[in-house]
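What follows is the content of input.cif (mmCIF, C-alpha atoms and all ligand atoms).
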data_protein
loop_
_atom_site.label_atom_id
_atom_site.label_comp_id
_atom_site.auth_asym_id
_atom_site.auth_seq_id
_atom_site.Cartn_x
_atom_site.Cartn_y
_atom_site.Cartn_z
CA MET A 1 -1.27 21.23 -19.91
CA LYS A 2 0.63 18.26 -18.49
CA THR A 3 -0.36 14.62 -18.84
CA ILE A 4 0.49 11.79 -16.48
CA GLY A 5 0.33 8.10 -17.28
CA ILE A 6 -0.71 5.37 -14.87
CA ILE A 7 0.16 1.72 -15.39
CA GLY A 8 -2.88 0.08 -13.82
CA GLY A 9 -6.47 1.29 -13.70
CA GLY A 10 -7.74 0.02 -10.32
CA GLN A 11 -8.99 2.19 -7.47
CA LEU A 12 -5.53 3.65 -6.87
CA GLY A 13 -5.36 4.71 -10.51
CA LEU A 14 -8.85 6.15 -10.18
CA MET A 15 -7.91 8.28 -7.18
CA ILE A 16 -4.62 9.42 -8.79
CA ALA A 17 -6.61 10.49 -11.87
CA GLU A 18 -9.22 12.29 -9.72
CA GLN A 19 -6.54 14.33 -7.96
CA ALA A 20 -4.73 14.99 -11.24
CA ARG A 21 -7.94 16.42 -12.66
CA LEU A 22 -8.35 18.74 -9.65
CA LEU A 23 -4.85 20.04 -10.33
CA GLY A 24 -5.58 20.60 -14.02
CA VAL A 25 -3.42 17.65 -15.07
CA ARG A 26 -4.57 15.21 -17.78
CA SER A 27 -4.25 11.46 -17.24
CA VAL A 28 -4.03 8.27 -19.27
CA ALA A 29 -4.30 4.79 -17.73
CA LEU A 30 -3.33 1.39 -19.07
CA ASP A 31 -5.20 -1.65 -17.83
CA PRO A 32 -6.20 -5.02 -19.33
CA ALA A 33 -9.85 -4.64 -18.21
CA PRO A 34 -12.00 -2.38 -20.42
CA ASP A 35 -14.15 -1.55 -17.37
CA ALA A 36 -11.22 -0.69 -15.05
CA PRO A 37 -12.32 1.89 -12.40
CA ALA A 38 -9.79 4.55 -13.44
CA PHE A 39 -11.10 4.67 -17.00
CA ALA A 40 -14.21 6.48 -15.72
CA VAL A 41 -12.03 9.49 -14.92
CA THR A 42 -8.90 9.41 -17.11
CA ASP A 43 -8.81 11.51 -20.25
CA GLU A 44 -7.57 8.57 -22.30
CA ARG A 45 -7.52 4.82 -21.83
CA ILE A 46 -5.32 2.06 -23.16
CA VAL A 47 -6.73 -1.45 -22.82
CA ALA A 48 -3.71 -3.75 -22.88
CA SER A 49 -1.85 -6.22 -20.70
CA TYR A 50 0.97 -5.09 -18.40
CA ASP A 51 3.61 -6.81 -20.54
CA ASP A 52 2.42 -5.39 -23.87
CA ARG A 53 5.52 -3.40 -24.83
CA GLU A 54 3.92 -1.50 -27.67
CA ALA A 55 0.98 -0.43 -25.56
CA LEU A 56 3.24 0.66 -22.70
CA GLU A 57 5.39 2.59 -25.13
CA ALA A 58 2.25 4.28 -26.51
CA LEU A 59 1.34 5.26 -22.94
CA CYS A 60 4.80 6.74 -22.31
CA ARG A 61 4.78 8.68 -25.58
CA ARG A 62 1.51 10.39 -24.67
CA CYS A 63 2.63 11.44 -21.17
CA ASP A 64 5.01 13.87 -19.51
CA ALA A 65 5.56 11.38 -16.66
CA VAL A 66 4.40 7.83 -15.96
CA THR A 67 3.77 6.06 -12.66
CA TYR A 68 2.45 2.64 -11.69
CA GLU A 69 -0.26 1.50 -9.32
CA PHE A 70 0.24 -2.16 -10.21
CA GLU A 71 3.15 -3.77 -8.38
CA ASN A 72 4.05 -6.64 -10.64
CA VAL A 73 5.05 -4.79 -13.79
CA PRO A 74 7.84 -6.97 -15.21
CA GLY A 75 11.30 -5.39 -15.02
CA ASP A 76 12.34 -6.51 -18.50
CA VAL A 77 9.50 -4.36 -19.83
CA LEU A 78 9.84 -1.40 -17.48
CA VAL A 79 13.63 -0.95 -17.46
CA PRO A 80 14.04 -0.20 -21.20
CA LEU A 81 11.05 2.16 -21.06
CA ALA A 82 12.46 4.01 -18.02
CA GLU A 83 15.67 4.61 -19.98
CA LYS A 84 13.79 6.21 -22.83
CA TYR A 85 10.85 7.97 -21.16
CA ARG A 86 10.12 9.82 -17.92
CA ILE A 87 9.12 7.13 -15.42
CA PRO A 88 10.77 9.06 -12.59
CA GLN A 89 10.28 6.46 -9.86
CA GLY A 90 12.08 3.97 -12.07
CA TYR A 91 12.15 0.25 -11.59
CA LYS A 92 14.29 0.08 -8.45
CA PRO A 93 11.63 0.46 -5.72
CA LEU A 94 9.43 -2.04 -7.56
CA TYR A 95 12.32 -4.46 -7.94
CA ASP A 96 13.25 -4.10 -4.27
CA SER A 97 9.66 -4.81 -3.20
CA GLN A 98 8.88 -7.71 -5.52
CA ASP A 99 10.72 -10.29 -3.40
CA ARG A 100 10.22 -10.41 0.38
CA LEU A 101 13.80 -11.53 1.01
CA ARG A 102 15.34 -8.75 -1.07
CA GLU A 103 12.85 -6.29 0.45
CA LYS A 104 13.91 -7.08 4.02
CA GLU A 105 17.64 -7.08 3.21
CA ASN A 106 17.17 -3.69 1.60
CA ALA A 107 15.18 -2.34 4.55
CA ARG A 108 17.95 -3.36 6.95
CA ARG A 109 20.65 -1.91 4.74
CA HIS A 110 18.90 1.46 4.79
CA GLY A 111 18.12 1.85 8.47
CA PHE A 112 15.08 -0.22 9.42
CA ARG A 113 14.86 -3.07 11.84
CA THR A 114 12.96 -6.09 10.47
CA PRO A 115 11.74 -9.29 12.08
CA ASP A 116 14.49 -11.93 12.03
CA TYR A 117 14.22 -13.94 8.80
CA ALA A 118 15.80 -16.69 6.73
CA ALA A 119 15.45 -17.89 3.14
CA VAL A 120 13.67 -21.24 2.90
CA ASP A 121 13.71 -23.38 -0.23
CA ASP A 122 12.88 -26.86 1.03
CA GLU A 123 12.11 -28.84 4.15
CA ALA A 124 15.74 -29.01 5.26
CA SER A 125 16.19 -25.24 5.12
CA LEU A 126 12.81 -24.77 6.82
CA ARG A 127 13.95 -26.94 9.72
CA SER A 128 17.26 -25.15 10.11
CA ALA A 129 15.52 -21.75 9.87
CA LEU A 130 13.06 -22.81 12.59
CA ALA A 131 15.93 -24.02 14.74
CA ARG A 132 17.39 -20.52 14.62
CA ILE A 133 14.26 -18.33 14.62
CA GLY A 134 12.03 -20.57 16.75
CA TYR A 135 8.24 -20.75 17.08
CA PRO A 136 6.00 -18.87 16.51
CA ALA A 137 7.09 -17.93 13.00
CA VAL A 138 5.46 -17.03 9.69
CA LEU A 139 6.31 -18.78 6.44
CA LYS A 140 5.63 -16.65 3.35
CA THR A 141 6.18 -17.10 -0.36
CA ARG A 142 8.90 -14.69 -1.46
CA THR A 143 6.98 -13.31 -4.43
CA LEU A 144 3.41 -12.50 -5.41
CA GLY A 145 1.92 -12.68 -1.90
CA TYR A 146 -0.68 -10.06 -0.97
CA ASP A 147 -3.37 -9.50 1.67
CA GLY A 148 -2.21 -12.56 3.62
CA HIS A 149 -2.21 -14.94 0.64
CA GLY A 150 0.75 -17.31 0.42
CA GLN A 151 1.38 -17.34 4.18
CA GLN A 152 1.35 -19.91 6.92
CA MET A 153 1.61 -19.25 10.63
CA LEU A 154 3.80 -21.86 12.37
CA ARG A 155 3.00 -22.20 16.06
CA SER A 156 4.52 -25.65 16.57
CA GLY A 157 5.71 -28.73 14.73
CA ALA A 158 2.05 -29.60 14.13
CA ASP A 159 1.87 -26.79 11.56
CA LEU A 160 4.73 -28.16 9.45
CA GLU A 161 2.39 -30.26 7.36
CA ALA A 162 0.39 -27.18 6.32
CA ALA A 163 3.64 -25.32 5.59
CA ARG A 164 4.72 -27.89 3.03
CA ARG A 165 2.20 -26.69 0.44
CA LEU A 166 4.05 -23.35 0.23
CA LEU A 167 7.43 -24.94 -0.33
CA ALA A 168 6.81 -25.53 -4.04
CA VAL A 169 8.13 -21.97 -4.51
CA PRO A 170 10.96 -20.04 -2.76
CA CYS A 171 9.88 -18.86 0.70
CA ILE A 172 11.03 -16.76 3.63
CA LEU A 173 10.58 -17.67 7.28
CA GLU A 174 10.02 -14.70 9.58
CA GLN A 175 10.06 -14.35 13.33
CA PHE A 176 6.50 -13.67 14.54
CA ILE A 177 6.29 -10.23 16.17
CA PRO A 178 3.63 -10.07 18.92
CA PHE A 179 2.87 -6.49 17.98
CA ASP A 180 0.62 -4.07 19.87
CA TYR A 181 -0.67 -2.82 16.53
CA GLU A 182 0.15 -2.35 12.88
CA THR A 183 0.72 0.99 11.24
CA SER A 184 1.98 2.35 7.98
CA VAL A 185 3.67 5.48 6.77
CA VAL A 186 3.33 7.00 3.31
CA VAL A 187 6.25 9.12 2.08
CA VAL A 188 6.44 11.26 -1.05
CA ALA A 189 9.87 12.52 -2.07
CA ASP A 190 11.27 14.63 -4.85
CA ARG A 191 14.89 15.72 -5.34
CA GLN A 192 14.52 18.42 -2.70
CA GLU A 193 12.61 16.87 0.17
CA ALA A 194 10.65 13.97 1.57
CA VAL A 195 7.25 14.49 3.20
CA SER A 196 5.38 11.86 5.19
CA PHE A 197 1.72 11.58 6.12
CA PRO A 198 0.29 11.30 9.65
CA MET A 199 0.19 7.65 10.62
CA GLY A 200 -2.85 5.57 11.42
CA ARG A 201 -3.44 2.38 13.29
CA ASN A 202 -4.33 -0.38 10.82
CA VAL A 203 -6.79 -3.12 11.71
CA HIS A 204 -6.88 -6.11 9.37
CA ARG A 205 -9.52 -8.76 9.02
CA ASP A 206 -8.78 -12.02 7.16
CA GLY A 207 -5.50 -10.46 6.07
CA ILE A 208 -7.21 -7.47 4.42
CA LEU A 209 -7.14 -3.91 5.77
CA ASP A 210 -10.50 -3.27 7.43
CA LEU A 211 -10.11 -0.04 9.39
CA CYS A 212 -7.59 2.72 9.77
CA PHE A 213 -7.74 4.97 12.84
CA VAL A 214 -5.87 8.25 12.60
CA PRO A 215 -4.02 9.40 14.62
CA ALA A 216 -2.52 6.07 15.54
CA ALA A 217 -2.63 6.92 19.29
CA ILE A 218 1.09 6.50 19.26
CA GLU A 219 3.52 8.52 21.34
CA PRO A 220 4.25 11.66 19.28
CA ALA A 221 7.98 11.06 19.75
CA LEU A 222 7.67 7.49 18.43
CA GLU A 223 5.63 8.61 15.42
CA ALA A 224 8.24 11.28 14.69
CA ARG A 225 11.00 8.64 14.94
CA ILE A 226 9.20 6.27 12.53
CA ARG A 227 8.45 9.05 10.04
CA ARG A 228 12.06 10.24 10.17
CA THR A 229 13.34 6.69 9.66
CA ALA A 230 11.01 6.26 6.67
CA GLU A 231 12.00 9.57 5.09
CA ARG A 232 15.69 8.75 5.53
CA PHE A 233 15.14 5.24 4.19
CA MET A 234 13.68 6.72 1.03
CA ARG A 235 16.68 9.00 0.57
CA SER A 236 19.22 6.34 1.47
CA ALA A 237 17.67 3.77 -0.89
CA GLY A 238 17.69 6.38 -3.64
CA TYR A 239 13.94 6.36 -4.23
CA GLU A 240 11.73 9.18 -5.43
CA GLY A 241 7.98 9.44 -5.81
CA ILE A 242 5.68 7.63 -3.43
CA LEU A 243 6.40 4.80 -1.02
CA ALA A 244 4.22 3.17 1.64
CA ILE A 245 5.83 1.19 4.44
CA GLU A 246 3.89 -1.18 6.69
CA LEU A 247 5.23 -1.65 10.20
CA PHE A 248 4.64 -3.54 13.43
CA VAL A 249 4.76 -1.54 16.67
CA ARG A 250 5.32 -2.93 20.14
CA GLY A 251 5.96 -0.54 23.00
CA GLU A 252 8.71 1.78 21.86
CA GLU A 253 9.96 -0.59 19.16
CA PHE A 254 9.01 -0.88 15.51
CA TRP A 255 9.78 -3.31 12.71
CA PHE A 256 9.55 -2.90 8.93
CA ASN A 257 7.12 -5.45 7.48
CA GLU A 258 6.76 -4.57 3.81
CA MET A 259 6.65 -1.69 1.37
CA ALA A 260 4.92 -0.66 -1.84
CA PRO A 261 6.02 2.12 -4.21
CA ARG A 262 2.48 3.33 -4.84
CA PRO A 263 -0.36 4.97 -2.92
CA HIS A 264 -1.58 2.78 -0.09
CA ASN A 265 -4.99 1.75 1.20
CA SER A 266 -4.12 3.05 4.66
CA GLY A 267 -3.53 6.49 3.10
CA HIS A 268 -7.01 6.86 1.60
CA TYR A 269 -8.09 8.79 4.68
CA THR A 270 -5.79 11.63 3.57
CA ILE A 271 -8.21 12.71 0.81
CA GLU A 272 -10.52 14.36 3.33
CA GLY A 273 -8.71 13.81 6.64
CA ALA A 274 -5.50 15.68 5.83
CA THR A 275 -4.69 19.08 4.33
CA THR A 276 -3.21 17.36 1.29
CA ASN A 277 -3.44 13.73 0.23
CA GLN A 278 -1.21 10.93 -1.00
CA PHE A 279 -2.58 11.01 -4.56
CA ARG A 280 -2.28 14.77 -4.90
CA GLU A 281 1.33 14.77 -3.65
CA LEU A 282 2.17 11.98 -6.09
CA VAL A 283 0.77 14.14 -8.90
CA HIS A 284 2.72 17.16 -7.61
CA TYR A 285 5.84 15.01 -7.76
CA LEU A 286 5.10 13.69 -11.25
CA VAL A 287 4.52 17.14 -12.75
CA GLY A 288 7.46 18.71 -10.91
CA GLU A 289 5.46 20.98 -8.59
CA PRO A 290 6.70 21.60 -5.02
CA LEU A 291 5.44 19.09 -2.46
CA GLN A 292 3.09 20.24 0.29
CA ARG A 293 3.38 19.08 3.88
CA PRO A 294 0.26 17.29 5.09
CA GLU A 295 -1.37 18.00 8.43
CA LEU A 296 -4.19 16.03 9.99
CA VAL A 297 -7.49 17.95 9.78
CA ALA A 298 -9.18 16.05 12.64
CA PRO A 299 -9.23 12.51 14.06
CA THR A 300 -10.37 10.32 11.19
CA VAL A 301 -11.55 6.74 10.65
CA MET A 302 -11.34 4.97 7.29
CA LYS A 303 -13.52 1.90 6.76
CA ASN A 304 -12.81 -0.30 3.76
CA ILE A 305 -15.89 -1.43 1.86
CA LEU A 306 -15.57 -4.98 0.62
CA GLY A 307 -18.22 -6.68 -1.50
CA GLN A 308 -20.22 -7.80 1.52
CA ASP A 309 -20.58 -4.19 2.71
CA LEU A 310 -21.46 -2.52 -0.58
CA GLU A 311 -25.19 -2.23 0.12
CA ALA A 312 -24.52 -0.81 3.60
CA ALA A 313 -22.15 1.74 2.04
CA ARG A 314 -24.80 2.78 -0.50
CA ARG A 315 -27.22 3.40 2.36
CA VAL A 316 -24.63 5.52 4.17
CA ALA A 317 -24.04 7.49 0.96
CA ALA A 318 -27.80 8.12 0.63
CA GLU A 319 -27.91 9.65 4.11
CA GLY A 320 -25.57 12.46 3.05
CA LEU A 321 -24.18 13.07 6.53
CA PRO A 322 -21.61 15.81 7.04
CA GLN A 323 -17.99 14.67 7.31
CA VAL A 324 -18.89 11.16 6.08
CA TYR A 325 -17.28 10.64 2.67
CA VAL A 326 -18.31 7.56 0.72
CA HIS A 327 -16.05 6.50 -2.15
CA LEU A 328 -17.35 3.77 -4.43
CA TYR A 329 -14.90 2.61 -7.08
CA GLY A 330 -17.48 1.62 -9.69
CA LYS A 331 -16.22 -1.95 -10.07
CA THR A 332 -18.69 -3.82 -12.23
CA GLU A 333 -18.34 -7.16 -10.45
CA CYS A 334 -19.08 -7.23 -6.72
CA ARG A 335 -17.54 -10.12 -4.77
CA THR A 336 -17.10 -10.90 -1.09
CA LYS A 337 -13.67 -9.63 0.04
CA ARG A 338 -13.19 -7.53 -3.10
CA LYS A 339 -12.35 -3.89 -2.36
CA MET A 340 -15.38 -1.99 -3.68
CA GLY A 341 -14.90 1.34 -1.94
CA HIS A 342 -14.11 3.03 1.35
CA ILE A 343 -15.73 5.49 3.72
CA THR A 344 -13.83 8.24 5.48
CA PHE A 345 -15.30 9.64 8.69
CA VAL A 346 -13.66 12.96 9.53
CA GLY A 347 -13.93 14.18 13.13
CA MET A 348 -14.44 10.60 14.30
CA THR A 349 -12.78 8.76 17.18
CA PRO A 350 -12.35 4.98 17.47
CA GLU A 351 -14.75 5.00 20.43
CA ARG A 352 -17.49 6.84 18.58
CA TYR A 353 -16.97 4.66 15.51
CA ALA A 354 -17.39 1.52 17.64
CA ALA A 355 -20.53 2.88 19.30
CA GLU A 356 -22.25 4.46 16.30
CA TRP A 357 -21.00 2.82 13.12
CA ALA A 358 -19.40 -0.60 13.54
CA ASP A 359 -22.77 -2.40 13.66
CA ARG A 360 -23.77 -1.07 10.25
CA PHE A 361 -21.20 -3.29 8.54
CA VAL A 362 -20.71 -7.05 8.26
CA LYS A 363 -18.91 -8.41 11.32
P1 LIG B 401 2.00 -9.30 4.96
O1 LIG B 401 1.39 -9.82 3.69
O2 LIG B 401 3.44 -9.59 5.07
O3 LIG B 401 1.68 -7.85 5.19
O4 LIG B 401 1.27 -10.09 6.15
C1 LIG B 401 -0.13 -10.02 6.35
C2 LIG B 401 -0.45 -9.88 7.83
O5 LIG B 401 0.03 -11.01 8.55
C3 LIG B 401 0.23 -8.68 8.48
O6 LIG B 401 -0.52 -7.51 8.27
C4 LIG B 401 0.28 -9.13 9.94
O7 LIG B 401 -0.98 -8.95 10.57
C5 LIG B 401 0.55 -10.61 9.83
N1 LIG B 401 2.01 -10.86 9.85
C6 LIG B 401 2.80 -11.03 8.79
N2 LIG B 401 4.08 -11.21 9.14
C7 LIG B 401 4.12 -11.15 10.48
C8 LIG B 401 5.17 -11.25 11.47
N3 LIG B 401 6.44 -11.47 11.12
N4 LIG B 401 4.82 -11.11 12.77
C9 LIG B 401 3.54 -10.89 13.13
N5 LIG B 401 2.52 -10.80 12.25
C10 LIG B 401 2.79 -10.92 10.95
#
Can I see the file as structure tokens?
Amino acid sequence: MKTIGIIGGGQLGLMIAEQARLLGVRSVALDPAPDAPAFAVTDERIVASYDDREALEALCRRCDAVTYEFENVPGDVLVPLAEKYRIPQGYKPLYDSQDRLREKENARRHGFRTPDYAAVDDEASLRSALARIGYPAVLKTRTLGYDGHGQQMLRSGADLEAARRLLAVPCILEQFIPFDYETSVVVVADRQEAVSFPMGRNVHRDGILDLCFVPAAIEPALEARIRRTAERFMRSAGYEGILAIELFVRGEEFWFNEMAPRPHNSGHYTIEGATTNQFRELVHYLVGEPLQRPELVAPTVMKNILGQDLEAARRVAAEGLPQVYVHLYGKTECRTKRKMGHITFVGMTPERYAAEWADRFVK
């Protein structure tokens, strides 16, 4: 029996472990929180911080292959481990994604178009970047930003004052793309092939993913082009394992926004909405089984459940409706804006969701 290790025990770790179990694969997670969601399902748990070398080494020793669901594992810890143990995705995709400037340079080098950008370190470089890129633009911290944190929209000179608070750390200024919608593509690749999942249309609220509508109502030819570009990107950049890429789409054009070498929130719908899912294909990759090509089962809507919607989600779960799949992550502390679960509605269109379901959740 094979065992996989997961650095990080949040909801992504939980869902990786759930799919591992269905495939008869054991799992061990490492997380600093004793009540981490994944620990409810993994066969073994290691409570330790992400830079605890001994604990990480103990995790690697117990496993046939190790992956990560936490994006900020320090390289000086991971690189020596990847040389000694099977962490097949390695440090490279993490390294490439940990800095927005490096991430965009890398995306361009390997075939994606990105919004125009410039490195910004102080007010002088901000002004010269704005002179080139123009308004509107988005100023972002280069590292450790997530869900819209560490960002400032610049519509005119009046926003410069607010931008100054970010300049304490290295930043990147990006051209603002007036996109029609946002989408993302999840790719899983082994040595032989890369498979990508059907793409959804992502709707954010307050910088956090709120809804994902699949299919994305995108021209099939455009979706095929984006998926091909993403699969080639993965090959060209020399990555294996799982990668999620967020994009902006406008008309026939698309731009790379950011990537994460782990399962992605927009791919949660695949558990019930596709013939195979992002977590299962990651496990297939980790244990060296052939990858399966996902197909969409039916139009699907994924609704994220943040703290403010937890009670509503419990009520939906109690109704036990067919094709309505409620996932609660078992987080012990419920807070507004904290991801507590998600609901997948299979056989659901955006129109029907708006008419029948949207009112059940906090607006
Ligand atoms: P990020 O953390 O980079 O994914 O940014 C969070 C959200 O801000 C994105 O999902 C977009 O809705 C918006 N955003 C970020 N960068 C840009 C951009 N260059 N153009 C337009 N919208 C953006």
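Coordinates place CA of Ile242 (chain A) at a distance of 23.5 Å from CA of Ala221 (chain A).
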List all protein, DNA and RNA residues that have an atom no more than 9 Å from any atom of ligand LIG 401 (chain B), counting all atoms listed in the file, and report them as an NGL selection string.
:A and (100 or 114-117 or 136-140 or 145-151 or 153 or 173-179 or 181-182 or 202-209 or 246-248 or 255 or 257-259)
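Taking all atoms listed in the file into account, the residues near (-2.5, 19.1, -9.6), no farther than 10 Å, are Lys2, Ile16, Ala17, Glu18, Gln19, Ala20, Arg21, Leu22, Leu23, Gly24, Val25, Arg26, Phe279, Arg280, Glu281, Leu282, Val283, His284, Tyr285, Leu286, Val287 and Glu289 of chain A.
Residue nearest Tyr329 (chain A) within the list A:Leu130, A:Ile305, A:Val316, A:Cys171: A:Ile305 [criterion: smallest interatomic distance, only C-alpha atoms].
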What gap, in Å, lies between CA of Glu295 (chain A) and CA of Arg108 (chain A)?
28.8 Å
At a cut-off of 12 Å, using all atoms listed in the file, what residues contact Ala354 (chain A)? Leave out same-chain residues fewer than 6 positions from it and give the result as a ChimeraX atom specification.
/A:211,213,301,303,348,360-361,363
Got time to write the residues from that selection, C-alpha atoms, as an mmCIF file, in the coordinates of the input?
data_model
loop_
_atom_site.group_PDB
_atom_site.id
_atom_site.type_symbol
_atom_site.label_atom_id
_atom_site.label_comp_id
_atom_site.auth_asym_id
_atom_site.auth_seq_id
_atom_site.Cartn_x
_atom_site.Cartn_y
_atom_site.Cartn_z
ATOM 1 C CA LEU A 211 -10.110 -0.040 9.390
ATOM 2 C CA PHE A 213 -7.740 4.970 12.840
ATOM 3 C CA VAL A 301 -11.550 6.740 10.650
ATOM 4 C CA LYS A 303 -13.520 1.900 6.760
ATOM 5 C CA MET A 348 -14.440 10.600 14.300
ATOM 6 C CA ARG A 360 -23.770 -1.070 10.250
ATOM 7 C CA PHE A 361 -21.200 -3.290 8.540
ATOM 8 C CA LYS A 363 -18.910 -8.410 11.320
#
Have a look at CA of Ala317 (chain A) and CA of Glu351 (chain A) and let me know their distance in Å, one decimal.
21.7 Å
Mind listing as a list in words all residues within 12 Å of (19.7, -16.8, 0.8), counting all atoms listed in the file?
Asp99, Arg100, Leu101, Arg102, Lys104, Glu105, Tyr117, Ala118, Ala119, Val120, Asp121, Ser125, Ala129, Arg142, Pro170, Cys171, Ile172 and Leu173 of chain A
Since we have the selection now, will you write its residues out, keeping C-alpha atoms, as a PDB file, in the coordinates of the input?
ATOM      1  CA  ASP A  99      10.720 -10.290  -3.400  1.00  0.00           C
ATOM      2  CA  ARG A 100      10.220 -10.410   0.380  1.00  0.00           C
ATOM      3  CA  LEU A 101      13.800 -11.530   1.010  1.00  0.00           C
ATOM      4  CA  ARG A 102      15.340  -8.750  -1.070  1.00  0.00           C
ATOM      5  CA  LYS A 104      13.910  -7.080   4.020  1.00  0.00           C
ATOM      6  CA  GLU A 105      17.640  -7.080   3.210  1.00  0.00           C
ATOM      7  CA  TYR A 117      14.220 -13.940   8.800  1.00  0.00           C
ATOM      8  CA  ALA A 118      15.800 -16.690   6.730  1.00  0.00           C
ATOM      9  CA  ALA A 119      15.450 -17.890   3.140  1.00  0.00           C
ATOM     10  CA  VAL A 120      13.670 -21.240   2.900  1.00  0.00           C
ATOM     11  CA  ASP A 121      13.710 -23.380  -0.230  1.00  0.00           C
ATOM     12  CA  SER A 125      16.190 -25.240   5.120  1.00  0.00           C
ATOM     13  CA  ALA A 129      15.520 -21.750   9.870  1.00  0.00           C
ATOM     14  CA  ARG A 142       8.900 -14.690  -1.460  1.00  0.00           C
ATOM     15  CA  PRO A 170      10.960 -20.040  -2.760  1.00  0.00           C
ATOM     16  CA  CYS A 171       9.880 -18.860   0.700  1.00  0.00           C
ATOM     17  CA  ILE A 172      11.030 -16.760   3.630  1.00  0.00           C
ATOM     18  CA  LEU A 173      10.580 -17.670   7.280  1.00  0.00           C
TER      19      LEU A 173
END
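Compared by their closest atoms to Met340 (chain A), and using all atoms listed in the file, the residues A:Ala318, A:Ala163, A:Cys63, A:Leu310 rank with A:Leu310 nearest.
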